[in-house]
>>> print(open('start-v8.pdb').read())   # PDB, C-alpha atoms
ATOM      1  CA  VAL A 245     -14.927  19.077 -16.484
ATOM      2  CA  MET A 246     -11.585  17.981 -17.917
ATOM      3  CA  GLU A 247     -12.900  18.354 -21.475
ATOM      4  CA  GLN A 248     -13.864  21.969 -20.740
ATOM      5  CA  GLN A 249     -10.445  22.767 -19.351
ATOM      6  CA  ILE A 250      -8.676  21.229 -22.373
ATOM      7  CA  VAL A 251     -10.794  23.024 -24.970
ATOM      8  CA  ASN A 252     -10.908  26.425 -23.245
ATOM      9  CA  ASN A 253      -7.142  26.442 -22.752
ATOM     10  CA  GLY A 254      -6.495  25.517 -26.384
ATOM     11  CA  LEU A 255      -4.652  22.299 -25.612
ATOM     12  CA  SER A 256      -4.127  19.752 -28.351
ATOM     13  CA  LEU A 257      -5.166  16.829 -26.159
ATOM     14  CA  SER A 258      -7.897  14.229 -26.053
ATOM     15  CA  MET A 259      -9.286  12.334 -23.077
ATOM     16  CA  VAL A 260      -8.880   8.562 -22.785
ATOM     17  CA  TYR A 261     -10.983   6.865 -20.119
ATOM     18  CA  LEU A 262      -9.378   3.835 -18.462
ATOM     19  CA  THR A 263     -10.222   1.527 -15.625
ATOM     20  CA  GLN A 264      -8.360   1.975 -12.369
ATOM     21  CA  ARG A 265      -6.250  -1.074 -13.102
ATOM     22  CA  SER A 266      -5.370  -0.128 -16.678
ATOM     23  CA  LYS A 267      -4.463   3.396 -15.567
ATOM     24  CA  GLN A 268      -2.080   2.026 -12.945
ATOM     25  CA  VAL A 269      -0.441  -0.226 -15.544
ATOM     26  CA  ALA A 270       0.007   2.698 -17.972
ATOM     27  CA  VAL A 271       1.471   4.956 -15.260
ATOM     28  CA  TRP A 272       3.823   2.256 -14.008
ATOM     29  CA  ASN A 273       5.094   1.391 -17.485
ATOM     30  CA  ALA A 274       5.710   5.054 -18.286
ATOM     31  CA  PHE A 275       7.533   5.593 -14.991
ATOM     32  CA  ALA A 276       9.649   2.453 -15.436
ATOM     33  CA  SER A 277      10.665   3.417 -18.983
ATOM     34  CA  LYS A 278      11.116   7.121 -18.073
ATOM     35  CA  LYS A 279       8.500   8.248 -20.557
ATOM     36  CA  ASP A 280       6.094  11.154 -20.197
ATOM     37  CA  ILE A 281       2.471  10.492 -19.317
ATOM     38  CA  LEU A 282      -0.323  12.883 -18.401
ATOM     39  CA  PHE A 283      -3.070  11.483 -16.188
ATOM     40  CA  GLN A 284      -5.645  12.745 -13.751
ATOM     41  CA  HIS A 285      -4.919  12.020 -10.121
ATOM     42  CA  HIS A 286      -5.917  13.143  -6.635
ATOM     43  CA  THR A 287      -4.205  14.331  -3.505
ATOM     44  CA  PRO A 288      -3.422  13.233  -0.863
ATOM     45  CA  SER A 289      -2.506   9.934  -2.469
ATOM     46  CA  GLU A 290      -0.517   6.816  -1.677
ATOM     47  CA  GLY A 291       0.945   6.904  -5.181
ATOM     48  CA  VAL A 292       0.568   4.300  -7.924
ATOM     49  CA  ASP A 293       1.694   0.719  -7.334
ATOM     50  CA  GLY A 294       4.605   1.650  -5.093
ATOM     51  CA  VAL A 295       5.548   4.833  -6.946
ATOM     52  CA  PRO A 296       5.163   7.689  -4.405
ATOM     53  CA  SER A 297       3.037  10.685  -5.303
ATOM     54  CA  ASN A 298       6.020  13.035  -4.913
ATOM     55  CA  ALA A 299       7.576  11.323  -7.969
ATOM     56  CA  PHE A 300       4.916  12.971 -10.169
ATOM     57  CA  MET A 301       4.953  16.572 -11.370
ATOM     58  CA  PRO A 302       1.594  18.266 -10.762
ATOM     59  CA  ILE A 303       0.257  20.308 -13.702
ATOM     60  CA  GLN A 304      -2.411  22.831 -12.846
ATOM     61  CA  PHE A 305      -4.625  25.277 -14.665
ATOM     62  CA  ALA A 306      -4.963  28.918 -13.642
ATOM     63  CA  PRO A 307      -6.438  29.557 -10.184
ATOM     64  CA  ARG A 308     -10.133  30.250  -9.769
ATOM     65  CA  ARG A 309      -9.620  33.798  -8.484
ATOM     66  CA  TYR A 310      -8.820  34.931 -12.036
ATOM     67  CA  GLY A 311     -12.538  34.733 -12.769
ATOM     68  CA  CYS A 312     -12.250  32.143 -15.516
ATOM     69  CA  ASN A 313     -14.830  29.853 -13.924
ATOM     70  CA  SER A 314     -17.669  32.359 -14.127
ATOM     71  CA  SER A 315     -19.392  30.359 -16.874
ATOM     72  CA  GLU A 316     -18.837  26.963 -15.264
ATOM     73  CA  ASN A 317     -21.473  24.345 -16.022
ATOM     74  CA  SER A 318     -21.820  20.572 -16.357
ATOM     75  CA  SER A 319     -21.752  20.499 -20.160
ATOM     76  CA  PRO A 320     -18.552  19.267 -21.934
ATOM     77  CA  ASP A 321     -18.580  22.442 -24.041
ATOM     78  CA  GLY A 322     -18.918  24.765 -21.032
ATOM     79  CA  GLY A 323     -16.680  27.692 -20.150
ATOM     80  CA  LEU A 324     -14.578  26.118 -17.379
ATOM     81  CA  SER A 325     -10.882  26.815 -17.907
ATOM     82  CA  CYS A 326      -9.415  27.237 -14.416
ATOM     83  CA  ARG A 327      -8.595  24.517 -11.948
ATOM     84  CA  LEU A 328     -11.061  23.253  -9.396
ATOM     85  CA  GLU A 329      -9.854  24.265  -5.964
ATOM     86  CA  ALA A 330      -9.363  21.631  -3.288
ATOM     87  CA  LYS A 331     -12.209  21.323  -0.820
ATOM     88  CA  PRO A 332     -11.863  20.516   2.867
ATOM     89  CA  LEU A 333     -12.926  17.143   4.180
ATOM     90  CA  LEU A 334     -16.390  17.261   5.681
ATOM     91  CA  LYS A 335     -17.100  15.208   8.791
ATOM     92  CA  ILE A 336     -20.671  14.008   9.043
ATOM     93  CA  VAL A 337     -21.933  12.216  12.152
ATOM     94  CA  SER A 338     -25.293  10.876  13.239
ATOM     95  CA  PRO A 339     -27.261  12.448  16.120
ATOM     96  CA  SER A 340     -26.578   9.419  18.332
ATOM     97  CA  PHE A 341     -22.843   9.677  17.644
ATOM     98  CA  GLN A 342     -22.936  13.361  18.494
ATOM     99  CA  GLU A 343     -24.283  12.469  21.938
ATOM    100  CA  ALA A 344     -21.269  10.205  22.575
ATOM    101  CA  GLY A 345     -19.126  12.894  24.150
ATOM    102  CA  ASP A 346     -15.586  11.511  23.863
ATOM    103  CA  ALA A 347     -16.118   9.922  20.441
ATOM    104  CA  TYR A 348     -17.631  13.137  19.094
ATOM    105  CA  TYR A 349     -14.733  15.110  20.548
ATOM    106  CA  PHE A 350     -12.282  12.846  18.710
ATOM    107  CA  ALA A 351     -14.191  13.262  15.430
ATOM    108  CA  LYS A 352     -13.952  17.047  15.727
ATOM    109  CA  LYS A 353     -10.279  17.164  16.687
ATOM    110  CA  PHE A 354      -8.970  14.470  14.340
ATOM    111  CA  ASN A 355      -6.935  16.098  11.585
ATOM    112  CA  LEU A 356      -3.976  15.117   9.396
ATOM    113  CA  ASP A 357      -1.691  17.536   7.585
ATOM    114  CA  LYS A 358       0.117  16.905   4.313
ATOM    115  CA  GLU A 359       3.287  15.617   5.987
ATOM    116  CA  SER A 360       1.284  13.135   8.071
ATOM    117  CA  TYR A 361      -0.498  11.807   4.989
ATOM    118  CA  GLU A 362       2.780  11.350   3.131
ATOM    119  CA  ARG A 363       4.382   9.543   6.073
ATOM    120  CA  LEU A 364       1.342   7.286   6.469
ATOM    121  CA  PHE A 365       1.401   6.387   2.788
ATOM    122  CA  GLU A 366       5.133   5.684   3.010
ATOM    123  CA  LEU A 367       4.585   3.335   5.972
ATOM    124  CA  TRP A 368       1.710   1.706   4.116
ATOM    125  CA  ARG A 369       4.019   0.912   1.200
ATOM    126  CA  GLN A 370       6.581  -0.534   3.618
ATOM    127  CA  HIS A 371       4.231  -2.722   5.664
ATOM    128  CA  GLU A 372       1.607  -3.370   2.968
ATOM    129  CA  ASN A 373      -0.950  -3.285   5.770
ATOM    130  CA  ALA A 374      -3.017  -0.271   6.779
ATOM    131  CA  TYR A 375      -3.302  -1.332  10.447
ATOM    132  CA  GLU A 376       0.462  -1.817  10.879
ATOM    133  CA  ALA A 377       1.131   1.455   9.075
ATOM    134  CA  ALA A 378      -1.219   3.354  11.397
ATOM    135  CA  CYS A 379       0.309   1.661  14.458
ATOM    136  CA  SER A 380       3.830   2.566  13.365
ATOM    137  CA  TRP A 381       2.790   6.150  12.686
ATOM    138  CA  LEU A 382       1.193   6.516  16.136
ATOM    139  CA  LYS A 383       4.307   5.148  17.852
ATOM    140  CA  GLU A 384       6.575   7.309  15.715
ATOM    141  CA  THR A 385       4.772  10.617  16.193
ATOM    142  CA  GLY A 386       3.904  10.108  19.849
ATOM    143  CA  SER A 387       1.201  11.805  21.880
ATOM    144  CA  ARG A 388       2.524  15.250  20.965
ATOM    145  CA  LYS A 389       0.667  14.795  17.675
ATOM    146  CA  TRP A 390      -2.478  12.857  18.569
ATOM    147  CA  GLY A 391      -2.696  13.327  22.343
ATOM    148  CA  TRP A 392      -5.017  16.315  22.064
ATOM    149  CA  TRP A 393      -7.444  14.319  19.914
ATOM    150  CA  ILE A 394      -8.414  12.202  22.918
ATOM    151  CA  ARG A 395     -10.486  13.122  25.939
ATOM    152  CA  PHE A 396     -11.584  10.805  28.758
ATOM    153  CA  SER A 397     -14.478  12.545  30.447
ATOM    154  CA  LYS A 398     -16.091   9.340  31.725
ATOM    155  CA  GLN A 399     -14.398   7.003  34.160
ATOM    156  CA  VAL A 400     -14.407   3.366  33.110
ATOM    157  CA  ARG A 401     -14.524   0.645  35.753
ATOM    158  CA  PHE A 402     -12.341  -2.249  34.695
ATOM    159  CA  ILE A 403     -13.651  -4.413  37.581
ATOM    160  CA  ARG A 404     -17.431  -4.126  37.749
ATOM    161  CA  GLU A 405     -17.946  -6.589  40.626
ATOM    162  CA  PHE A 406     -15.960  -7.693  43.634
ATOM    163  CA  PRO A 407     -14.681 -10.278  43.756
ATOM    164  CA  PRO A 408     -14.564 -10.527  39.961
ATOM    165  CA  THR A 409     -15.808 -13.845  38.580
ATOM    166  CA  THR A 410     -15.605 -13.312  34.830
ATOM    167  CA  GLY A 411     -12.858 -13.385  32.248
ATOM    168  CA  CYS A 412      -9.599 -14.986  33.358
ATOM    169  CA  PHE A 413     -10.243 -14.541  37.081
ATOM    170  CA  PRO A 414     -11.580 -18.132  37.652
ATOM    171  CA  VAL A 415      -8.311 -19.523  36.255
ATOM    172  CA  PHE A 416      -6.386 -17.079  38.442
ATOM    173  CA  TYR A 417      -8.291 -18.255  41.526
ATOM    174  CA  LEU A 418      -7.559 -21.911  40.659
ATOM    175  CA  PHE A 419      -3.840 -21.267  40.362
ATOM    176  CA  MET A 420      -3.869 -19.335  43.637
ATOM    177  CA  LEU A 421      -5.611 -22.245  45.396
ATOM    178  CA  LEU A 422      -3.149 -24.782  43.996
ATOM    179  CA  THR A 423      -0.239 -22.567  45.047
ATOM    180  CA  CYS A 424      -1.582 -22.324  48.604
ATOM    181  CA  VAL A 425      -2.142 -26.107  48.813
ATOM    182  CA  VAL A 426       1.398 -26.818  47.593
ATOM    183  CA  ALA A 427       2.830 -24.274  50.043
ATOM    184  CA  ILE A 428       0.913 -25.796  52.991
ATOM    185  CA  MET A 429       1.957 -29.329  52.025
ATOM    186  CA  HIS A 430       5.580 -28.210  51.764
ATOM    187  CA  TYR A 431       5.395 -26.543  55.186
ATOM    188  CA  VAL A 432       3.742 -29.546  56.858
ATOM    189  CA  THR A 433       6.200 -31.992  55.274
ATOM    190  CA  LYS A 434       9.164 -29.889  56.294
ATOM    191  CA  SER A 435       7.846 -29.499  59.863
ATOM    192  CA  GLY A 436       7.172 -33.244  60.149
ATOM    193  CA  CYS A 437      10.660 -34.140  58.955
ATOM    194  CA  SER A 438      12.189 -31.712  61.448
ATOM    195  CA  ALA A 439      10.156 -33.223  64.304
ATOM    196  CA  ILE A 440      11.215 -36.778  63.382
ATOM    197  CA  LYS A 441      14.885 -35.771  63.221
ATOM    198  CA  CYS A 442      14.577 -34.069  66.636
ATOM    199  CA  CYS A 443      13.031 -37.173  68.224
ATOM    200  CA  ARG A 444      15.739 -39.428  66.796
ATOM    201  CA  TRP A 445      18.472 -37.140  68.112
ATOM    202  CA  ARG A 446      16.992 -37.134  71.611
ATOM    203  CA  LYS A 447      16.691 -40.923  71.608
ATOM    204  CA  SER A 448      20.275 -41.357  70.479
ATOM    205  CA  SER A 449      21.460 -38.973  73.193
ATOM    206  CA  ASN A 450      19.639 -40.919  75.930
ATOM    207  CA  ASP A 451      21.038 -44.267  74.725
ATOM    208  CA  SER A 452      24.641 -43.018  74.788
ATOM    209  CA  MET A 453      24.557 -41.856  78.452
ATOM    210  CA  GLU A 454      26.362 -44.205  80.998
ATOM    211  CA  PRO A 455      24.260 -45.482  83.949
ATOM    212  CA  THR A 456      25.198 -44.242  87.420
ATOM    213  CA  ASP A 457      25.641 -46.753  90.288
ATOM    214  CA  LEU A 458      24.071 -45.136  93.316
ATOM    215  CA  SER A 459      25.467 -47.818  95.675
ATOM    216  CA  ASP A 460      28.886 -46.180  95.554
ATOM    217  CA  ILE A 461      27.560 -43.009  97.091
ATOM    218  CA  GLN A 462      27.813 -43.151 100.867
TER     219      GLN A 462
END
>>> encode(input="start-v8.pdb", output="structure tokens")
Amino acid sequence: VMEQQIVNNGLSLSMVYLTQRSKQVAVWNAFASKKDILFQHHTPSEGVDGVPSNAFMPIQFAPRRYGCNSSENSSPDGGLSCRLEAKPLLKIVSPSFQEAGDAYYFAKKFNLDKESYERLFELWRQHENAYEAACSWLKETGSRKWGWWIRFSKQVRFIREFPPTTGCFPVFYLFMLLTCVVAIMHYVTKSGCSAIKCCRWRKSSNDSMEPTDLSDIQ
């Protein structure tokens, strides 16, 4: 395709095929030394080795509506001279996935615009981790952007049995039992100490009282 566009537009260029790695090295070296380089790229893109895609100047051929792609074919000496128009992303799902209501709804509604792609790529370069970049983007944009992608048509029971006996609940029950035992022991000990103090006070009071001689009473 590229060979057709070069020849049919009369450009004095030749194609050089590189590996992905060697192309990145050539682009980076040209960018670092501020030299010109012409390479084939795609969009949306995260850039090349930290260089954002908006640092490159896109060069395009004439649009397809001019009729210059009427003789398009797969041969290198074909008549293609216009640019190939961008095509929308196609979402393909299996029949079983289509029956999963909420998941299928998300697949249909999920959509990213150009600004979202650029921000995601920027966060990816910052975090160097796709998961962290996606998390940061979701927190940053908020539900105003992705809230309408989600639909909960089926209620999910977080506790499927009562009382629950799986997960961390056995440990929770053990701590509750220990807490109750400690509380009861504290209450019994405190009550026993209070009763002992009360008995001692009564005994001391009785010992301090003077005896009465009834013989003096006539």
>>> atom_distance(input="start-v8.pdb", atom1="atom CA of A:Pro302", atom2="atom CA of A:Trp368")
22.3 Å
>>> residues_around(input="start-v8.pdb", residues="stretch 348-358 of chain A", least_positions_apart="3", cutoff="12 Å", atoms="all atoms listed in the file", output="MDAnalysis selection string")
chainID A and resid 287:290 297:298 332:345 361:365 381 385 389:397
>>> write_last_selection(input="start-v8.pdb", atoms="C-alpha atoms", output="PDB file, in the frame of the given file")
ATOM      1  CA  THR A 287      -4.205  14.331  -3.505  1.00  0.00           C
ATOM      2  CA  PRO A 288      -3.422  13.233  -0.863  1.00  0.00           C
ATOM      3  CA  SER A 289      -2.506   9.934  -2.469  1.00  0.00           C
ATOM      4  CA  GLU A 290      -0.517   6.816  -1.677  1.00  0.00           C
ATOM      5  CA  SER A 297       3.037  10.685  -5.303  1.00  0.00           C
ATOM      6  CA  ASN A 298       6.020  13.035  -4.913  1.00  0.00           C
ATOM      7  CA  PRO A 332     -11.863  20.516   2.867  1.00  0.00           C
ATOM      8  CA  LEU A 333     -12.926  17.143   4.180  1.00  0.00           C
ATOM      9  CA  LEU A 334     -16.390  17.261   5.681  1.00  0.00           C
ATOM     10  CA  LYS A 335     -17.100  15.208   8.791  1.00  0.00           C
ATOM     11  CA  ILE A 336     -20.671  14.008   9.043  1.00  0.00           C
ATOM     12  CA  VAL A 337     -21.933  12.216  12.152  1.00  0.00           C
ATOM     13  CA  SER A 338     -25.293  10.876  13.239  1.00  0.00           C
ATOM     14  CA  PRO A 339     -27.261  12.448  16.120  1.00  0.00           C
ATOM     15  CA  SER A 340     -26.578   9.419  18.332  1.00  0.00           C
ATOM     16  CA  PHE A 341     -22.843   9.677  17.644  1.00  0.00           C
ATOM     17  CA  GLN A 342     -22.936  13.361  18.494  1.00  0.00           C
ATOM     18  CA  GLU A 343     -24.283  12.469  21.938  1.00  0.00           C
ATOM     19  CA  ALA A 344     -21.269  10.205  22.575  1.00  0.00           C
ATOM     20  CA  GLY A 345     -19.126  12.894  24.150  1.00  0.00           C
ATOM     21  CA  TYR A 361      -0.498  11.807   4.989  1.00  0.00           C
ATOM     22  CA  GLU A 362       2.780  11.350   3.131  1.00  0.00           C
ATOM     23  CA  ARG A 363       4.382   9.543   6.073  1.00  0.00           C
ATOM     24  CA  LEU A 364       1.342   7.286   6.469  1.00  0.00           C
ATOM     25  CA  PHE A 365       1.401   6.387   2.788  1.00  0.00           C
ATOM     26  CA  TRP A 381       2.790   6.150  12.686  1.00  0.00           C
ATOM     27  CA  THR A 385       4.772  10.617  16.193  1.00  0.00           C
ATOM     28  CA  LYS A 389       0.667  14.795  17.675  1.00  0.00           C
ATOM     29  CA  TRP A 390      -2.478  12.857  18.569  1.00  0.00           C
ATOM     30  CA  GLY A 391      -2.696  13.327  22.343  1.00  0.00           C
ATOM     31  CA  TRP A 392      -5.017  16.315  22.064  1.00  0.00           C
ATOM     32  CA  TRP A 393      -7.444  14.319  19.914  1.00  0.00           C
ATOM     33  CA  ILE A 394      -8.414  12.202  22.918  1.00  0.00           C
ATOM     34  CA  ARG A 395     -10.486  13.122  25.939  1.00  0.00           C
ATOM     35  CA  PHE A 396     -11.584  10.805  28.758  1.00  0.00           C
ATOM     36  CA  SER A 397     -14.478  12.545  30.447  1.00  0.00           C
TER      37      SER A 397
END
>>> axis_aligned_box(input="start-v8.pdb", around="stretch 303-306 of chain A", padding_each_side="4 Å", output="lines of an AutoDock Vina configuration file")
center_x = -2.4
center_y = 24.6
center_z = -13.8
size_x = 13.2
size_y = 16.6
size_z = 9.8
>>> residues_near_point(input="start-v8.pdb", point="(-4.8, 19.3, -24.3)", cutoff="12 Å", atoms="all atoms listed in the file", output="list of chain:residue names")
A:Met246, A:Glu247, A:Gln248, A:Gln249, A:Ile250, A:Val251, A:Asn252, A:Asn253, A:Gly254, A:Leu255, A:Ser256, A:Leu257, A:Ser258, A:Met259, A:Val260, A:Leu282, A:Phe283, A:Ile303, A:Phe305, A:Ser325
>>> atom_distance(input="start-v8.pdb", atom1="atom CA of A:Gln284", atom2="atom CA of A:Leu262")
10.7 Å
>>> atom_distance(input="start-v8.pdb", atom1="atom CA of A:Arg308", atom2="atom CA of A:Cys326")
5.6 Å
